Every structure is written in C-alpha cells, then in structure tokens.
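*Asks:* Contents of target-v8.txt (compact mmCIF, C-alpha atoms) are below:
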# COMPACT_ATOMS: atom_id res chain seq x y z
CA MET A 16 109.69 9.93 -36.02
CA SER A 17 109.75 6.31 -34.99
CA GLN A 18 110.84 3.58 -37.35
CA ASP A 19 109.28 0.68 -35.52
CA LEU A 20 105.67 -0.39 -35.31
CA GLU A 21 106.38 -2.66 -32.35
CA GLU A 22 106.27 0.21 -29.86
CA LEU A 23 102.59 0.72 -30.66
CA GLY A 24 101.70 -2.21 -28.40
CA ARG A 25 98.23 -3.53 -29.04
CA PHE A 26 97.90 -1.12 -31.95
CA ALA A 27 100.87 -2.60 -33.79
CA GLU A 28 98.83 -5.11 -35.73
CA PRO A 29 95.97 -2.76 -36.66
CA SER A 30 98.63 -0.25 -37.71
CA LEU A 31 100.29 -2.75 -39.99
CA LEU A 32 96.94 -3.53 -41.61
CA ILE A 33 96.27 0.18 -42.07
CA LEU A 34 99.65 0.78 -43.69
CA VAL A 35 99.15 -2.19 -46.00
CA SER A 36 95.68 -1.01 -46.97
CA LEU A 37 97.08 2.47 -47.76
CA SER A 38 99.94 1.03 -49.81
CA ASN A 39 97.93 1.09 -53.03
CA GLY A 40 96.47 4.54 -52.63
CA PRO A 41 94.69 6.89 -50.23
CA LYS A 42 91.68 5.60 -48.38
CA HIS A 43 89.29 6.84 -45.73
CA GLY A 44 88.35 5.12 -42.49
CA TYR A 45 85.44 3.13 -43.86
CA ALA A 46 87.52 1.66 -46.66
CA MET A 47 90.36 0.83 -44.28
CA MET A 48 88.00 -1.06 -41.99
CA ALA A 49 86.56 -3.00 -44.89
CA GLU A 50 90.00 -3.87 -46.18
CA ALA A 51 91.37 -4.84 -42.79
CA GLU A 52 88.62 -7.38 -42.57
CA GLU A 53 89.07 -8.56 -46.12
CA ILE A 54 92.84 -8.94 -46.29
CA GLY A 55 93.70 -9.22 -42.62
CA GLY A 56 90.69 -11.14 -41.38
CA MET A 57 90.53 -8.71 -38.48
CA ARG A 58 87.48 -6.71 -37.42
CA LEU A 59 88.69 -3.26 -36.59
CA GLY A 60 86.30 -1.25 -34.44
CA PRO A 61 86.13 2.52 -34.92
CA GLY A 62 87.82 3.13 -31.55
CA THR A 63 90.77 0.90 -32.37
CA LEU A 64 91.03 2.19 -35.92
CA TYR A 65 91.25 5.81 -34.90
CA ALA A 66 93.54 5.12 -31.94
CA ALA A 67 95.91 3.52 -34.44
CA LEU A 68 95.39 6.29 -37.00
CA ALA A 69 96.17 8.94 -34.38
CA ARG A 70 99.42 7.15 -33.55
CA LEU A 71 100.43 6.72 -37.15
CA GLU A 72 99.66 10.32 -37.90
CA ALA A 73 101.50 11.58 -34.82
CA ARG A 74 104.55 9.61 -35.94
CA GLY A 75 104.32 10.94 -39.43
CA LEU A 76 103.73 7.59 -41.09
CA ILE A 77 100.48 8.69 -42.70
CA GLU A 78 99.08 12.04 -43.81
CA ALA A 79 95.57 13.36 -43.93
CA LEU A 80 94.35 14.69 -47.24
CA PRO A 81 91.85 17.48 -47.76
CA SER A 82 88.33 16.30 -48.27
CA ASP A 83 85.06 17.70 -49.42
CA ASP A 84 82.77 15.62 -47.30
CA ARG A 85 82.90 14.14 -43.84
CA ARG A 86 85.11 11.27 -44.87
CA ARG A 87 88.75 12.17 -44.77
CA PRO A 88 91.22 10.17 -46.82
CA TYR A 89 94.70 9.29 -45.58
CA ARG A 90 97.76 8.35 -47.52
CA LEU A 91 101.07 6.72 -46.75
CA SER A 92 103.91 9.23 -46.22
CA ALA A 93 107.41 8.59 -47.51
CA LEU A 94 108.45 7.65 -43.99
CA GLY A 95 105.46 5.38 -43.67
CA GLU A 96 106.39 3.64 -46.86
CA ARG A 97 109.92 2.99 -45.59
CA VAL A 98 108.68 1.68 -42.27
CA LEU A 99 106.17 -0.58 -43.96
CA ARG A 100 108.77 -1.91 -46.34
CA ALA A 101 111.18 -2.68 -43.51
CA ARG A 102 108.46 -4.35 -41.53
CA LEU A 103 107.28 -6.47 -44.42
CA ASP A 104 110.86 -7.51 -45.20
CA ARG A 105 111.34 -8.73 -41.67
CA LEU A 106 107.97 -10.49 -41.65
CA GLY A 107 108.78 -12.05 -45.01
CA GLY A 108 112.01 -13.46 -43.61
CA LEU A 109 110.13 -14.83 -40.63
CA VAL A 110 107.53 -16.43 -42.88
CA ARG A 111 110.17 -18.09 -45.02
CA ILE A 112 112.08 -19.45 -42.04
CA GLY A 113 108.96 -20.73 -40.36
CA GLN A 114 107.61 -22.39 -43.45
CA GLY A 115 111.00 -23.91 -44.22
CA ARG A 116 111.23 -25.40 -40.77
CA LEU A 117 107.72 -26.76 -40.89
CA GLU A 118 108.45 -28.36 -44.27
CA GLY A 119 111.62 -29.89 -42.84
CA ALA A 120 109.72 -31.23 -39.87
CA ALA A 121 107.08 -32.73 -42.11
CA ARG A 122 109.67 -34.55 -44.19
CA GLY A 123 111.99 -35.58 -41.40
CA MET B 14 72.82 1.88 -29.25
CA ARG B 15 73.57 4.69 -31.65
CA TRP B 16 72.97 7.36 -29.05
CA LEU B 17 75.31 5.47 -26.74
CA ALA B 18 78.02 5.54 -29.38
CA GLY B 19 77.35 9.26 -29.79
CA ALA B 20 77.64 9.82 -26.04
CA ILE B 21 80.95 7.97 -25.89
CA LEU B 22 82.26 9.95 -28.81
CA TRP B 23 81.29 13.12 -27.02
CA LEU B 24 83.46 12.16 -24.04
CA TYR B 25 86.68 11.96 -26.04
CA PRO B 26 89.24 14.70 -25.32
CA ARG B 27 88.45 17.97 -27.01
CA ALA B 28 91.54 18.05 -29.19
CA TRP B 29 90.86 14.53 -30.36
CA ARG B 30 87.27 15.37 -31.23
CA ARG B 31 88.28 18.44 -33.16
CA ARG B 32 90.58 16.39 -35.26
CA TYR B 33 88.78 13.06 -35.66
CA GLY B 34 85.27 13.55 -34.29
CA VAL B 35 83.51 14.21 -37.58
CA GLU B 36 85.17 11.31 -39.34
CA VAL B 37 84.42 8.81 -36.60
CA ALA B 38 80.84 10.03 -36.24
CA ASP B 39 80.42 9.53 -39.96
CA LEU B 40 82.00 6.09 -39.75
CA VAL B 41 79.68 5.05 -36.94
CA ALA B 42 76.68 6.44 -38.77
CA SER B 43 77.46 4.68 -42.02
CA ARG B 44 77.67 1.14 -40.68
CA PRO B 45 75.27 -1.11 -38.80
CA ILE B 46 76.06 -0.51 -35.16
CA ARG B 47 76.90 -3.43 -32.92
CA VAL B 48 77.64 -3.89 -29.25
CA GLY B 49 81.21 -4.76 -30.12
CA GLU B 50 81.69 -1.45 -31.89
CA VAL B 51 80.37 0.50 -28.92
CA VAL B 52 82.72 -1.40 -26.64
CA ASP B 53 85.55 -0.68 -29.05
CA LEU B 54 84.69 3.01 -29.00
CA ALA B 55 84.76 2.95 -25.22
CA ARG B 56 88.19 1.32 -25.24
CA GLY B 57 89.34 3.95 -27.68
CA LEU B 58 87.94 6.56 -25.31
CA ALA B 59 90.02 5.18 -22.43
CA ASP B 60 93.06 5.08 -24.70
CA ALA B 61 92.58 8.66 -25.85
CA TRP B 62 92.56 9.90 -22.26
CA ILE B 63 95.24 7.60 -20.87
CA ASP B 64 97.68 7.86 -23.75
CA PRO B 65 96.81 10.97 -25.71
CA GLN B 66 98.69 11.25 -28.95
CA PRO B 67 100.11 14.58 -29.99
CA ILE B 68 97.39 15.72 -32.33
CA ARG B 69 98.91 17.38 -35.33
CA SER B 70 97.13 20.40 -36.51
CA LEU B 71 95.67 19.43 -39.79
CA GLN B 72 98.51 20.09 -42.17
CA LEU B 73 97.03 18.72 -45.28
CA ALA B 74 99.35 17.33 -47.81
CA ALA B 75 99.06 19.41 -50.93
CA ALA B 76 99.46 16.42 -53.08
CA PRO B 77 97.92 15.62 -56.39
CA THR B 78 95.99 12.45 -55.86
CA ALA B 79 93.15 10.74 -57.55
CA VAL B 80 90.92 11.35 -54.61
CA VAL B 81 91.25 15.07 -54.24
CA PRO B 82 91.10 17.89 -56.73
CA THR B 83 94.37 19.79 -56.69
CA SER B 84 92.84 23.19 -57.10
CA VAL B 85 91.96 23.67 -53.45
CA PRO B 86 94.95 22.51 -51.47
CA THR B 87 95.11 25.43 -49.05
CA ARG B 88 91.47 25.58 -48.17
CA THR B 89 90.75 25.17 -44.49
CA PRO B 90 88.09 22.53 -44.07
CA ALA B 91 84.99 23.46 -42.16
CA HIS B 92 85.74 20.99 -39.40
CA GLY B 93 89.47 21.60 -39.30
CA VAL B 94 91.51 23.43 -36.73
CA VAL B 95 89.76 26.05 -34.68
CA THR B 96 92.14 28.94 -34.93
CA ALA B 97 90.81 31.22 -32.23
CA SER B 98 92.05 29.88 -28.94
CA ILE B 99 89.61 30.00 -26.09
CA ALA B 100 91.94 28.37 -23.61
CA GLY B 101 91.07 29.27 -20.05
CA THR B 102 87.41 29.91 -20.65
CA VAL B 103 84.76 27.45 -19.66
CA THR B 104 82.10 27.10 -22.26
CA ARG B 105 78.65 25.72 -21.61
CA ARG B 106 79.57 22.64 -23.56
CA SER B 107 82.79 21.94 -21.69
CA PHE B 108 81.07 22.61 -18.40
CA LEU B 109 78.32 20.13 -19.17
CA ARG B 110 80.85 17.60 -20.37
CA ARG B 111 82.89 17.90 -17.21
CA MET B 112 79.77 17.60 -15.10
CA LEU B 113 78.78 14.45 -16.96
CA GLY B 114 82.27 13.05 -16.50
CA ALA B 115 82.22 13.90 -12.81
CA GLY B 116 78.80 12.27 -12.49
CA PHE B 117 80.08 9.07 -14.05
CA GLY B 118 83.10 9.24 -11.77
CA VAL B 119 81.02 9.61 -8.64
CA LEU B 120 78.70 6.84 -9.76
CA SER B 121 81.54 4.42 -10.34
CA LEU B 122 83.10 5.34 -6.99
CA GLU B 123 79.79 4.57 -5.33
CA PHE B 124 79.61 1.20 -7.05
CA LEU B 125 83.18 0.48 -6.04
CA GLY B 126 82.62 1.57 -2.46
CA GLY B 127 79.42 -0.44 -2.15
CA THR B 128 81.13 -3.53 -3.52
CA VAL B 129 84.08 -3.19 -1.15
CA ALA B 130 81.77 -2.63 1.82
CA PHE B 131 79.72 -5.67 0.84
CA LEU B 132 82.77 -7.90 0.55
CA TRP B 133 84.45 -6.58 3.70
CA PRO B 134 84.64 -9.22 6.46
CA PRO B 135 82.11 -8.74 9.27
CA PRO B 136 83.28 -6.90 12.39
CA ALA B 137 85.13 -8.96 14.96
CA ASP B 138 82.42 -8.52 17.53
CA GLY B 139 78.70 -8.76 17.45
CA ILE B 140 76.66 -11.41 15.71
CA GLY B 141 78.28 -13.66 13.14
CA VAL B 142 81.48 -14.62 14.95
CA GLU B 143 82.65 -16.93 17.73
CA HIS B 144 82.97 -15.33 21.14
CA ARG B 145 85.40 -16.64 23.75
CA LEU B 146 84.02 -15.84 27.18
CA GLY B 147 86.67 -17.40 29.41
CA THR B 148 86.55 -20.46 31.67
CA LEU B 149 83.64 -21.25 33.97
CA ASP B 150 85.68 -20.06 36.93
CA GLU B 151 86.46 -16.78 35.19
CA ILE B 152 82.78 -16.23 34.47
CA ARG B 153 81.96 -16.88 38.12
CA GLY B 154 84.66 -14.37 39.02
CA LEU B 155 83.14 -11.74 36.74
CA TRP B 156 79.57 -12.43 37.77
CA PRO B 157 79.44 -14.06 41.21
CA ARG B 158 75.67 -14.41 41.10
CA TRP B 159 76.07 -16.94 38.30
CA THR B 160 76.30 -19.67 40.97
CA GLU B 161 72.92 -18.47 42.26
CA GLY B 162 71.47 -19.14 38.84
CA ARG B 163 71.32 -15.51 37.69
CA PRO B 164 72.03 -15.25 33.94
CA TYR B 165 75.42 -13.86 32.91
CA GLU B 166 74.88 -11.00 30.53
CA PHE B 167 77.51 -11.16 27.79
CA ARG B 168 77.05 -8.00 25.79
CA PRO B 169 79.33 -8.53 22.76
CA ALA B 170 77.23 -11.53 21.71
CA ARG B 171 74.00 -9.93 22.95
CA ALA B 172 73.37 -13.09 24.89
CA PHE B 173 72.51 -14.41 28.34
CA LEU B 174 74.61 -17.36 29.41
CA ILE B 175 72.46 -19.57 31.62
CA ASN B 176 73.93 -21.86 34.26
CA VAL B 177 71.12 -24.35 33.76
CA PRO B 178 71.21 -26.45 37.00
CA ALA B 179 71.57 -23.40 39.21
CA ALA B 180 69.00 -21.39 37.23
CA ARG B 181 66.39 -24.13 37.62
CA SER B 182 66.86 -24.12 41.39
CA MET B 183 66.73 -20.36 41.52
CA ALA B 184 63.47 -20.22 39.53
CA LEU B 185 61.92 -22.85 41.78
CA GLY B 186 62.86 -20.72 44.80
CA LEU B 187 65.42 -23.23 46.06
CA GLU B 188 69.01 -22.87 47.08
CA PRO B 189 71.17 -23.98 44.16
CA ASP B 190 72.72 -27.35 44.94
CA SER B 191 74.63 -27.83 41.69
CA THR B 192 76.35 -25.73 39.04
CA ALA B 193 77.33 -25.97 35.38
CA ARG B 194 80.29 -28.27 34.73
CA SER B 195 80.06 -28.94 31.02
CA ALA B 196 78.63 -27.39 27.87
CA ALA B 197 75.50 -29.50 28.33
CA ASP B 198 74.74 -27.39 31.41
CA LEU B 199 75.00 -24.15 29.49
CA LEU B 200 72.46 -22.25 27.45
CA ALA B 201 73.14 -19.07 25.46
CA LEU B 202 69.91 -17.13 24.87
CA TRP B 203 69.89 -14.38 22.27
CA ARG B 204 68.46 -11.24 23.80
CA LYS B 205 66.48 -10.37 20.71
CA CYS B 206 62.80 -11.00 21.35
CA PRO B 207 61.47 -13.37 18.66
CA HIS B 208 58.27 -11.32 18.46
CA LEU B 209 59.48 -8.02 16.97
CA GLY B 210 63.13 -7.95 17.88
CA CYS B 211 63.19 -5.79 21.02
CA MET B 212 66.09 -6.25 23.40
CA VAL B 213 65.00 -8.55 26.22
CA PRO B 214 66.07 -7.08 29.59
CA ALA B 215 67.76 -8.99 32.39
CA ALA B 216 65.64 -11.60 34.17
CA CYS B 217 63.44 -10.05 36.82
CA GLU B 218 64.58 -10.56 40.39
CA GLU B 219 61.22 -11.67 41.79
CA ARG B 220 60.41 -14.57 39.50
CA GLY B 221 63.52 -15.23 37.49
CA ARG B 222 61.68 -14.78 34.20
CA PHE B 223 62.49 -12.78 31.11
CA GLN B 224 59.88 -10.31 29.99
CA CYS B 225 60.16 -8.20 26.88
CA LEU B 226 59.30 -4.56 27.59
CA CYS B 227 57.70 -4.01 24.19
CA HIS B 228 54.75 -6.42 24.34
CA GLN B 229 55.28 -8.32 27.57
CA SER B 230 56.22 -11.61 25.94
CA THR B 231 57.31 -13.66 28.93
CA TYR B 232 59.83 -16.52 29.02
CA ASN B 233 61.03 -18.77 31.77
CA ILE B 234 64.67 -18.87 32.81
CA LEU B 235 65.41 -21.38 30.02
CA GLY B 236 63.95 -18.96 27.44
CA GLU B 237 60.75 -20.97 26.88
CA LYS B 238 57.67 -18.92 26.06
CA LEU B 239 55.01 -18.81 28.77
CA LYS B 240 51.37 -17.73 28.48
CA VAL B 241 51.78 -13.94 28.48
CA GLY B 242 52.66 -12.01 25.33
CA PRO B 243 52.40 -12.35 21.55
CA ALA B 244 55.71 -14.12 20.72
CA SER B 245 55.19 -17.37 18.82
CA ARG B 246 58.26 -19.15 20.14
CA GLY B 247 60.82 -19.14 22.89
CA MET B 248 63.99 -17.04 22.80
CA ASP B 249 66.47 -18.02 20.11
CA ARG B 250 69.77 -19.58 21.12
CA PHE B 251 73.38 -19.87 20.04
CA PRO B 252 75.38 -23.08 20.19
CA VAL B 253 77.74 -23.16 23.18
CA ARG B 254 80.80 -25.35 23.66
CA ILE B 255 83.82 -25.58 25.92
CA ASP B 256 87.19 -26.07 24.25
CA GLU B 257 90.15 -28.15 25.52
CA ALA B 258 91.41 -25.22 27.54
CA GLY B 259 88.07 -24.96 29.33
CA VAL B 260 87.08 -21.74 27.60
CA VAL B 261 83.37 -21.22 26.97
CA ILE B 262 82.68 -20.34 23.34
CA ILE B 263 79.42 -18.91 22.04
CA ASP B 264 79.07 -19.35 18.28
CA THR B 265 76.81 -16.59 16.96
CA ARG B 266 77.25 -17.71 13.36
CA GLU B 267 74.40 -20.12 13.91
CA ILE B 268 71.06 -19.16 15.42
CA VAL B 269 68.89 -21.95 16.79
CA LYS B 270 65.23 -21.01 16.91
CA GLY B 271 63.51 -21.16 20.26
CA PRO B 272 60.92 -23.89 20.88
CA PRO B 273 57.41 -22.97 19.67
CA THR B 274 54.92 -21.54 22.15
CA GLY B 275 53.39 -24.39 24.08
CA THR B 276 56.63 -26.28 24.48
CA VAL B 277 57.59 -25.85 28.10
CA THR B 278 59.95 -28.34 29.64
CA PHE B 279 60.41 -26.51 32.90
CA HIS B 280 57.81 -25.03 35.22
CA ASP B 281 59.04 -22.50 37.71
CA ALA B 282 57.37 -21.72 41.02
CA HIS B 283 55.07 -19.02 39.62
CA PRO B 284 51.76 -18.98 37.72
CA PHE B 285 52.08 -19.93 34.05
CA ASP B 286 49.66 -17.21 32.91
CA GLN B 287 51.39 -14.30 34.59
CA GLY B 288 54.33 -12.16 33.65
CA CYS B 289 57.16 -11.06 35.82
CA VAL B 290 55.34 -9.42 38.68
Would you encode the structure as structure tokens?
*Replies:*
Amino acid sequence: MSQDLEELGRFAEPSLLILVSLSNGPKHGYAMMAEAEEIGGMRLGPGTLYAALARLEARGLIEALPSDDRRRPYRLSALGERVLRARLDRLGGLVRIGQGRLEGAARG
Amino acid sequence: MRWLAGAILWLYPRAWRRRYGVEVADLVASRPIRVGEVVDLARGLADAWIDPQPIRSLQLAAAPTAVVPTSVPTRTPAHGVVTASIAGTVTRRSFLRRMLGAGFGVLSLEFLGGTVAFLWPPPADGIGVEHRLGTLDEIRGLWPRWTEGRPYEFRPARAFLINVPAARSMALGLEPDSTARSAADLLALWRKCPHLGCMVPAACEERGRFQCLCHQSTYNILGEKLKVGPASRGMDRFPVRIDEAGVVIIDTREIVKGPPTGTVTFHDAHPFDQGCV
C-alpha cells in the first residue's frame, strides 16, 4: 500500500521501531515493547503499540503469523522490508550529513 | 488498575477487539501495570474510534518460520475471525457496551455543562453588577415622592435608594427642607433582611420605618436596627456614587454590612421599642 512511514503521524516513530525490531525475525507484542525500549530508548505503551501495529498491518508492511497461545507473532512482509530499507537509507544520509556538519563546526 | 485497563480494552471497537483484543489483554496481563500504560490504552482507544484502521481478516502467512510449526498453516485460531455474521442484531454484550458508552457520554456532557455554567459571566442584572439609575432629577421624575423622603425602590438591584436629608425630615414628621445633592446624601439599602433573608417591604407610611414581615425586625429609615425583632444588625448596604455625568450608580458587587444592633445614629419621632404601627 503506502511506501512512506511519515503519513502515520505520531505513530511514525513507534512504527519505525517496530519494523526494526522485526527485521531480525518474527516477534510478538511483548518482545517488540521490550526491544523498542532497549534499542530505541522509547517506552511503548500497549495502546500505542497496537495502534501502530494495526496501521502497519493494514498497509501490508507486517503480517500476523499463526500462533498456539495468546501471543501472536508478527513478521516483516516483503513490502515492509522495502519500506524499512528506504527509510533507513534516508535516515542514514541524514545522520551522515548532520554529523559531518557538526564535525565541521567543531573544527572551524 | 488492572480492572480499569480491562474496562478500557472492552470499549475498543468490536472489530478491533476481535482482531487484537486477546493479544493486548495478554500483554497487559503479563507486565506490571502502570498509570502510564492505562493512559496509553485510553489514547489508543480514542485512536481506534477516531481513526479506525481497516482490520484485515486474519490471513495468516503460511510461512515456515522458526516460531511456528509449518504443519498447521490453515488452522483457524480459536480467537480468529468470527465467520458467522450477526450484523444487525443487538446482543446483550453490545447493548451493555453501548449503554456504558452512553453513560460515560452523558456524564462527560454533564461535567462540561456544569463547568461552562460555572464559568459563565453573571447576568447583567441583579446582584453582582453596577446599576446605573439615572440622574437625581430623573429619579425624582420617576418617583416624585423621593423629595418627601420616601425611599425609591429600585428593583433590579433589590435596593431602596434613600434621599437621606429628606428621609430624616420625613421620619421626624417634618416638612423636608433639603434634598440629596451628592453621593454623600444617598444610601442604598439592600432589601434582604439580615436576619433570615426575607424581602423587606417598602417603608410603612405611618412611621417611615422598615419592618420585615417574617419576624418583625424593624429598622429606621436609614436601615438601622431598632428594638423590635431578632435581626442582629441593620440592613446591609451597597456603595453608591455619582459619576461625572451625574448618573447615580449602585455597585452591588460589594455588600457593606449594616451597623450592629444598638448602633442608632438617628432617632425618629416614634417609640424605639415599637414596630411600624
């Protein structure tokens, strides 16, 4: 569906964290919350997490997997992987430019 | 706190709950609950109603993964999609949920209404505002007996405006020989009896005194408490002034308490220990 996370508004950042946390394999909600806090330094509440998950799923960026118990795992779809890659590329460029400028300012 | 989280979860849209309810309930149950999480759930609740996402029916990816055994990819999970549609029927559960929602709605409307009513500015007439009565001449025109010393009854402020020099003469049984010329000659008495709040009627003709009909508290023409009646002070007053244009203004935003019983600066021509008649 959509190729851009930006249109998710206040759920854009949680969504990015979710996609990153799913990039090394399927995870369920609990694990995503734990990882968001660990790698993103962001406390995701259950309401925010599932609002973001519903958006990502509706846009086809993630897929639910069958589960035996009450915890359902999700995985990155092919589309989700492309979107994440594009997003990270752009962020990477931004990081490099910003750091370069700060270095320049520190020297100059 | 946990039951609150459960209640909030219960208020999510039905389609949302079918799809995510079990997972989120499990998530909430498996972590220490905090106020912040409940607030977050409530924000998610608002989001789910305001901006509902198209909920995909659970098309599970039949993918070999480490997490899931591949032998059961087509199995419908117990909490998956409800296939039999009951659209159009009201179940007990949905009825109760709607009633609860409506109750919350009414409650919040009441809070909102009460708050607005509380913050609304006071009405433009009555107590709590400045009243412009007109010039002294205009008052005389409206109430000719003012020059005789008879109080002018100004209803919007629930006050008697006393022409003090003329009123003194009248109460002494004399012909008035002077009349109010400045604000110092004016007195605005609040008609609420300081005893229990009854409306004090117009001064009686015979003696020029005020007497409350409820318990016979009796005041002289300047609103000072006489012997008769239970009130513990004279009638309360409002500040009066005359502006540059000569208009008399009664300021009912401030209430000046009447002098305590026993303080009488003016003795009329009648016995101190009697009422009006």
*Asks:* If you measure from atom CA of Arg106 of chain B to atom CA of Arg32 of chain B, what distance in Å do you get, rounded to one decimal?
*Replies:*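 A separation of 17.2 Å between them.
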*Asks:* Residues of chain A were defined as contacting chain B if any atom lay at most 8 Å from it, counting only C-alpha atoms; please report them as a list in words.
*Replies:*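 My answer is Pro41, Gly44, Tyr45, Gly60, Pro61, Gly62, Thr63, Tyr65, Ala66, Ala69, Arg70, Glu72, Ala73, Glu78, Ala79, Leu80, Pro81, Ser82, Asp83, Arg85, Arg86, Arg87 and Pro88 of chain A.
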*Asks:* Counting all atoms listed in the file, what is within 8 Å of segment 89-92 of chain A, bar same-chain residues fewer than 2 positions away, as a list in words?
*Replies:*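 So the residues in contact are Leu34, Leu37, Ser38, Gly40, Pro41, Lys42, His43, Gly75, Leu76, Ile77, Glu78, Ala79, Leu80, Arg87, Leu94, Gly95 and Glu96 of chain A.
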*Asks:* Taking into account only C-alpha atoms, which residue in the set A:Gly119, A:Ala93, A:Asp84, A:Arg102 is nearest to Glu28 of chain A?
*Replies:*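 Using only C-alpha atoms, the shortest distance to Glu28 of chain A belongs to A:Arg102.
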*Asks:* Enclose segment 70-79 of chain A, meaning all of its atoms listed in the file, in a box aligned along x, y and z, pad it by 3 Å on each side, and list the centre and edge lengths in Å to one decimal, as lines of an AutoDock Vina configuration file.
*Replies:*
center_x = 100.1
center_y = 10.0
center_z = -38.7
size_x = 15.0
size_y = 12.6
size_z = 16.4
*Asks:* Report the distance between atom CA of Asp198 of chain B and atom CA of Phe285 of chain B in Å, rounded to one decimal place.
*Replies:*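 Separation of atom CA of Asp198 of chain B and atom CA of Phe285 of chain B: 24.0 Å.
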